[in-house]
Amino acid sequence: MRSQIEGSQAVAQAIARCRPQVIAAYPISPQTHIVESLSDLVRTGDLEGCEYLMVESEFGAMSACIGAAAAGTRTYTATSSQGLLFMAEALFNASGLGLPTVMTVANRAIGAPINIWNDHSDTMAMRDSGWIQLYAESNQEAADLHLQAFRLAEQLELPVMVCMDGFVLTHAFEPVDLPEQADVDAYLPPRVPRQALDPEEPMTIGAMVGPEAFTEVRYLMHAKQAAALDIIPTLASEFEERFGRSSGGLVRPYRLDGAEIVVVALGSILGTIQDVVDTLREEGVPIGVLGIGCFRPWPEEEVRAALASARQVLVVERSFAPGVGGIVSRDVRLSLNGLAAEVFEVAAGLGGRPVTRESLRRLIADVREGRMPANTLHFLDLDTQVVQRELRRPGTGVPPGPHVDHLTRESGR
Amino acid sequence: MFSVRIHGRGGQGTVTAAELLSVAAFDEGRYAQAFPTFGSERTGAPVVAYCRIDDRPIRLREPIEHPDALIVQDLTLLHQTSIFAGLSPRGFLLLNTSRTLEELLEHGLAGPAAELPAGHTVTVAGTELARTHLGRPLPNAGLLGAFAALTGQVSLASVSDAIRGRFAGAVAAGNVATAEAAHEQVLTTLGRPADA
């Protein structure tokens, strides 16, 4: 049924229909509404057969999910930002042990300086944790992706993160067609674990592996991720057959026909970019968009194929690697190895700064008209005056100190 | 697309107002998107919420800088933030105050009201109406009723349904009564028949 609903509520409803057996979570903005709602559904009995564990921390949440998943149950958690980092050690355990937990990450910046708003630095920091990472473009897709995530996780025995932009999606009211219970049951049958901890028949999982086999274990982990690249499109097309709408998949091409310049992005920013591209197309600009639905594993072949005839590729991403440059940009560049396309790297929307049509249009014009160097990280809407003043500071006799404090003091004046 | 920006203070129901407006539009078969400015919300702090209404799916996610309608829940915000910024020259302005528009204009408190087309600005005593009908000084339901009368973007019936969908019992009834009273007050101010 279609309803006008908050993103977090839509996700909670979708999760409930996936019939999780254990939810272990710790609240943190902007993810809190999701687990609040799920704990309510368990309390009222609307979500039956589920144990909700209010744990003491995110580390506890992921540890509980690990235990519950090892016991053969369908498990779920959600977090954001510092919460995800607090889970870091356990994240690698979940993936290393091949335990199929599904987790929503309501994407939020990482401090310091403390910032509760949206960007992708949390999930990007955990990109090599061995978890699959799917990114939602809208609340509809966020809800839908969770169904596919459980299928994927349990089929492959790997944990999956569904990443949705914090506040921008989690706190937005928009129409979402919530999947009917009967359809969810048909699409997502109960989990059948290949092995499960059982007190009647004790066994050990996660024993120490020495140098003689660790490489092989790691190779198999890599191979499992590669297998996900085959399964994800199948799950998306099965989803479309049953639910009548397209959600998920590896990449999402938009108006790529004859596109000489292509904007690559992931998450909720895609909608705004598509609006800009529609306008530019009307003005005769040969431009298109490539949405990255699955960031880990990286769909190299699909990205390369989609961008094969582009001359300029503009990667707009909500995080970056300090001292290096764009994160998604680097993967895109490697995928285009040997092709003629120039790649432009842009960090945008950091710490909740809005990414507007106006800024995107200016950015695209700068790229098309040769005002922006390729392969160099560019910061969208950077206040150059402020950073120049700060960069000059050590030579001016002003006592040195953290940039953060200077900027805070000055913006408060 | 019709876009609305609502300015209020934490505790006045600013975010809820945007959400309810989106639900009312959705119930009329339109597409709608509501979202707040996200921050460390606390009682009394300035809050902004947005609502877009369109006849096709809405993909845009930038904040609304050029609204077609502006709802101001608390005129004391005038001294803190540029609440009138970007209002379309053909836009609508709805001000929550017990003063008349003439009084506000006289004191320079009505922003761009003088430049807007006739009948595009109204004041409504949302807080007082809520005190009477709901027993609490929460202006948002009244402002939604007033918005329906001022812009015609949604009907009073849809606003009332959205309120009943969100609240129950006496709270729902009080808010619906506030919305109805504010709707009527605006129709009267604009000199339109109440059954229009």
# chains A, B, ... in the order shown; residues from 1 in each chain; ligands from 1

$ interface_residues --of "chain A" --to "chain B" --cutoff "8 Å" --atoms "only C-alpha atoms" --output "MDAnalysis selection string"
chainID A and resid 4 116:117 167:168 171:175 268:269 271:272 274:275 354:357

$ residues_around --residues "Gln13 in chain A" --least-positions-apart "6" --cutoff "9 Å" --atoms "only C-alpha atoms" --output "list in words"
Ile34, Ser37, Leu38, Leu41, Ala143, Leu178 and Pro179 of chain A

$ atom_distance --atom1 "CA of Leu339 in chain A" --atom2 "CA of Ser247 in chain A"
29.5 Å

$ select_by_dssp --residues "range 310-352 of chain A" --states "helix (DSSP H, G or I)" --output "short mmCIF file (atom, residue, chain, number, x, y, z; two decimals) with C-alpha atoms, in the first residue's frame"
data_model
loop_
_atom_site.label_atom_id
_atom_site.label_comp_id
_atom_site.auth_asym_id
_atom_site.auth_seq_id
_atom_site.Cartn_x
_atom_site.Cartn_y
_atom_site.Cartn_z
CA VAL A 328 34.47 6.66 -5.33
CA SER A 329 36.47 8.67 -7.87
CA ARG A 330 39.47 6.36 -7.48
CA ASP A 331 37.40 3.27 -8.13
CA VAL A 332 35.84 4.98 -11.15
CA ARG A 333 39.26 5.97 -12.50
CA LEU A 334 40.55 2.41 -12.21
CA SER A 335 37.44 1.12 -13.96
CA LEU A 350 29.91 17.35 3.50
CA GLY A 351 28.47 17.46 7.02
CA GLY A 352 24.98 18.26 5.71
#

$ residues_around --residues "Val171 in chain B" --least-positions-apart "4" --cutoff "8 Å" --atoms "only C-alpha atoms" --output "PyMOL selection string"
chain B and resi 134+167+175

$ residues_around --residues "Val316 in chain A" --least-positions-apart "3" --cutoff "8 Å" --atoms "only C-alpha atoms" --output "VMD selection string"
chain A and resid 263 to 265 345 to 348

$ atom_distance --atom1 "CA of Glu342 in chain A" --atom2 "CA of Tyr254 in chain A"
19.5 Å

$ atom_distance --atom1 "CA of Arg311 in chain A" --atom2 "CA of Phe379 in chain A"
21.6 Å

$ closest_residue --among "B:Arg166, B:Gly174, B:Glu28, B:Phe147" --to "Thr132 in chain B" --atoms "only C-alpha atoms"
B:Gly174

$ residues_around --residues "Gly83 in chain A" --least-positions-apart "6" --cutoff "9 Å" --atoms "only C-alpha atoms" --output "list in words"
Tyr26, Pro27, Ile28, Ser57, Glu58, Phe59 and Asp122 of chain A

$ write_last_selection --atoms "C-alpha atoms" --output "mmCIF file, in the first residue's frame"
data_model
loop_
_atom_site.group_PDB
_atom_site.id
_atom_site.type_symbol
_atom_site.label_atom_id
_atom_site.label_comp_id
_atom_site.auth_asym_id
_atom_site.auth_seq_id
_atom_site.Cartn_x
_atom_site.Cartn_y
_atom_site.Cartn_z
ATOM 1 C CA TYR A 26 21.651 1.266 20.278
ATOM 2 C CA PRO A 27 20.121 4.647 19.375
ATOM 3 C CA ILE A 28 22.101 7.352 17.582
ATOM 4 C CA SER A 57 26.535 0.241 22.919
ATOM 5 C CA GLU A 58 26.973 -0.226 19.188
ATOM 6 C CA PHE A 59 29.772 -2.659 19.901
ATOM 7 C CA ASP A 122 30.936 6.735 8.059
#

$ select_by_dssp --residues "range 11-177 of chain B" --states "strand (DSSP E)" --output "PDB file with C-alpha atoms, in the first residue's frame"
ATOM      1  CA  TYR B  31       2.983  13.893  -4.876  1.00  0.00           C
ATOM      2  CA  ALA B  32       4.441  15.540  -1.819  1.00  0.00           C
ATOM      3  CA  GLN B  33       7.677  15.702   0.109  1.00  0.00           C
ATOM      4  CA  ALA B  34       8.176  17.185   3.569  1.00  0.00           C
ATOM      5  CA  PHE B  35      11.436  17.560   5.440  1.00  0.00           C
ATOM      6  CA  PRO B  36      12.834  19.655   8.266  1.00  0.00           C
ATOM      7  CA  PRO B  46      14.337  28.582  15.289  1.00  0.00           C
ATOM      8  CA  VAL B  47      13.131  25.668  13.153  1.00  0.00           C
ATOM      9  CA  VAL B  48      12.472  25.566   9.427  1.00  0.00           C
ATOM     10  CA  ALA B  49      10.491  22.872   7.645  1.00  0.00           C
ATOM     11  CA  TYR B  50       9.672  22.449   3.986  1.00  0.00           C
ATOM     12  CA  CYS B  51       6.957  20.899   1.865  1.00  0.00           C
ATOM     13  CA  ARG B  52       6.865  20.407  -1.903  1.00  0.00           C
ATOM     14  CA  ILE B  53       3.662  19.514  -3.727  1.00  0.00           C
ATOM     15  CA  ASP B  54       3.614  18.429  -7.350  1.00  0.00           C
ATOM     16  CA  ALA B  69       4.264  30.181   0.094  1.00  0.00           C
ATOM     17  CA  LEU B  70       5.747  31.127   3.403  1.00  0.00           C
ATOM     18  CA  ILE B  71       4.166  30.296   6.742  1.00  0.00           C
ATOM     19  CA  VAL B  72       5.516  32.185   9.744  1.00  0.00           C
ATOM     20  CA  PHE B  92       1.648  33.692  -0.579  1.00  0.00           C
ATOM     21  CA  LEU B  93       2.450  34.882   2.918  1.00  0.00           C
ATOM     22  CA  LEU B  94       0.705  33.562   6.007  1.00  0.00           C
ATOM     23  CA  LEU B  95       1.558  35.188   9.332  1.00  0.00           C
ATOM     24  CA  ASN B  96       0.558  33.851  12.734  1.00  0.00           C
ATOM     25  CA  THR B 121      -1.015  37.878   2.461  1.00  0.00           C
ATOM     26  CA  VAL B 122      -3.104  37.141   5.504  1.00  0.00           C
ATOM     27  CA  THR B 123      -2.674  37.153   9.216  1.00  0.00           C
ATOM     28  CA  VAL B 124      -4.400  34.615  11.385  1.00  0.00           C
TER      29      VAL B 124
END

$ residues_around --residues "Ala207 in chain A" --least-positions-apart "5" --cutoff "12 Å" --atoms "only C-alpha atoms" --output "PDB file with N, CA and C atoms, in the first residue's frame"
ATOM      1  N   ASN A  93      34.482  -9.031  12.256  1.00  0.00           N
ATOM      2  CA  ASN A  93      34.175 -10.382  12.728  1.00  0.00           C
ATOM      3  C   ASN A  93      32.955 -10.937  12.003  1.00  0.00           C
ATOM      4  N   GLY A  96      34.056 -11.727   8.492  1.00  0.00           N
ATOM      5  CA  GLY A  96      35.046 -12.799   8.488  1.00  0.00           C
ATOM      6  C   GLY A  96      34.431 -14.150   8.800  1.00  0.00           C
ATOM      7  N   LEU A  97      33.415 -14.134   9.672  1.00  0.00           N
ATOM      8  CA  LEU A  97      32.751 -15.386  10.043  1.00  0.00           C
ATOM      9  C   LEU A  97      31.631 -15.736   9.056  1.00  0.00           C
ATOM     10  N   ALA A 213      46.819 -21.027   6.408  1.00  0.00           N
ATOM     11  CA  ALA A 213      45.518 -21.014   5.714  1.00  0.00           C
ATOM     12  C   ALA A 213      44.861 -19.646   5.648  1.00  0.00           C
ATOM     13  N   PHE A 214      45.455 -18.645   6.307  1.00  0.00           N
ATOM     14  CA  PHE A 214      44.771 -17.343   6.386  1.00  0.00           C
ATOM     15  C   PHE A 214      44.574 -16.725   5.006  1.00  0.00           C
TER      16      PHE A 214
END

$ decode --residues "range 240-284 of chain A" --atoms "C-alpha atoms" --output "PDB file, in the first residue's frame"
ATOM      1  CA  GLU A 240      10.830  -6.147  -9.984  1.00  0.00           C
ATOM      2  CA  GLU A 241       8.834  -9.156 -11.202  1.00  0.00           C
ATOM      3  CA  ARG A 242       7.100  -9.573  -7.880  1.00  0.00           C
ATOM      4  CA  PHE A 243       6.658  -5.966  -6.768  1.00  0.00           C
ATOM      5  CA  GLY A 244       6.342  -4.257 -10.140  1.00  0.00           C
ATOM      6  CA  ARG A 245       8.985  -1.611  -9.576  1.00  0.00           C
ATOM      7  CA  SER A 246      12.672  -1.387 -10.162  1.00  0.00           C
ATOM      8  CA  SER A 247      14.841  -1.093  -7.047  1.00  0.00           C
ATOM      9  CA  GLY A 248      18.414  -2.040  -6.352  1.00  0.00           C
ATOM     10  CA  GLY A 249      20.874  -3.536  -8.799  1.00  0.00           C
ATOM     11  CA  LEU A 250      24.524  -2.676  -9.279  1.00  0.00           C
ATOM     12  CA  VAL A 251      24.345   0.550 -11.285  1.00  0.00           C
ATOM     13  CA  ARG A 252      21.523   2.812 -12.420  1.00  0.00           C
ATOM     14  CA  PRO A 253      22.048   4.518 -15.769  1.00  0.00           C
ATOM     15  CA  TYR A 254      19.951   7.643 -16.444  1.00  0.00           C
ATOM     16  CA  ARG A 255      19.858   9.349 -19.858  1.00  0.00           C
ATOM     17  CA  LEU A 256      23.206   7.920 -20.887  1.00  0.00           C
ATOM     18  CA  ASP A 257      22.251   7.789 -24.592  1.00  0.00           C
ATOM     19  CA  GLY A 258      24.808   9.892 -26.406  1.00  0.00           C
ATOM     20  CA  ALA A 259      26.008  11.377 -23.110  1.00  0.00           C
ATOM     21  CA  GLU A 260      29.454  12.932 -23.494  1.00  0.00           C
ATOM     22  CA  ILE A 261      29.543  14.019 -19.875  1.00  0.00           C
ATOM     23  CA  VAL A 262      28.298  11.687 -17.144  1.00  0.00           C
ATOM     24  CA  VAL A 263      27.805  12.498 -13.465  1.00  0.00           C
ATOM     25  CA  VAL A 264      28.504   9.542 -11.162  1.00  0.00           C
ATOM     26  CA  ALA A 265      27.039   9.595  -7.646  1.00  0.00           C
ATOM     27  CA  LEU A 266      25.424   7.479  -4.965  1.00  0.00           C
ATOM     28  CA  GLY A 267      22.536   8.000  -2.583  1.00  0.00           C
ATOM     29  CA  SER A 268      19.834  10.634  -2.331  1.00  0.00           C
ATOM     30  CA  ILE A 269      21.814  13.266  -4.236  1.00  0.00           C
ATOM     31  CA  LEU A 270      20.923  11.385  -7.437  1.00  0.00           C
ATOM     32  CA  GLY A 271      17.415  12.851  -7.553  1.00  0.00           C
ATOM     33  CA  THR A 272      18.662  16.432  -7.584  1.00  0.00           C
ATOM     34  CA  ILE A 273      21.289  15.524 -10.188  1.00  0.00           C
ATOM     35  CA  GLN A 274      18.633  13.923 -12.406  1.00  0.00           C
ATOM     36  CA  ASP A 275      16.565  17.110 -12.240  1.00  0.00           C
ATOM     37  CA  VAL A 276      19.602  19.140 -13.305  1.00  0.00           C
ATOM     38  CA  VAL A 277      20.371  16.698 -16.108  1.00  0.00           C
ATOM     39  CA  ASP A 278      16.787  16.925 -17.425  1.00  0.00           C
ATOM     40  CA  THR A 279      17.089  20.706 -17.626  1.00  0.00           C
ATOM     41  CA  LEU A 280      20.508  20.554 -19.283  1.00  0.00           C
ATOM     42  CA  ARG A 281      19.254  17.972 -21.812  1.00  0.00           C
ATOM     43  CA  GLU A 282      16.461  20.369 -22.751  1.00  0.00           C
ATOM     44  CA  GLU A 283      19.167  22.946 -23.375  1.00  0.00           C
ATOM     45  CA  GLY A 284      20.944  20.474 -25.656  1.00  0.00           C
TER      46      GLY A 284
END
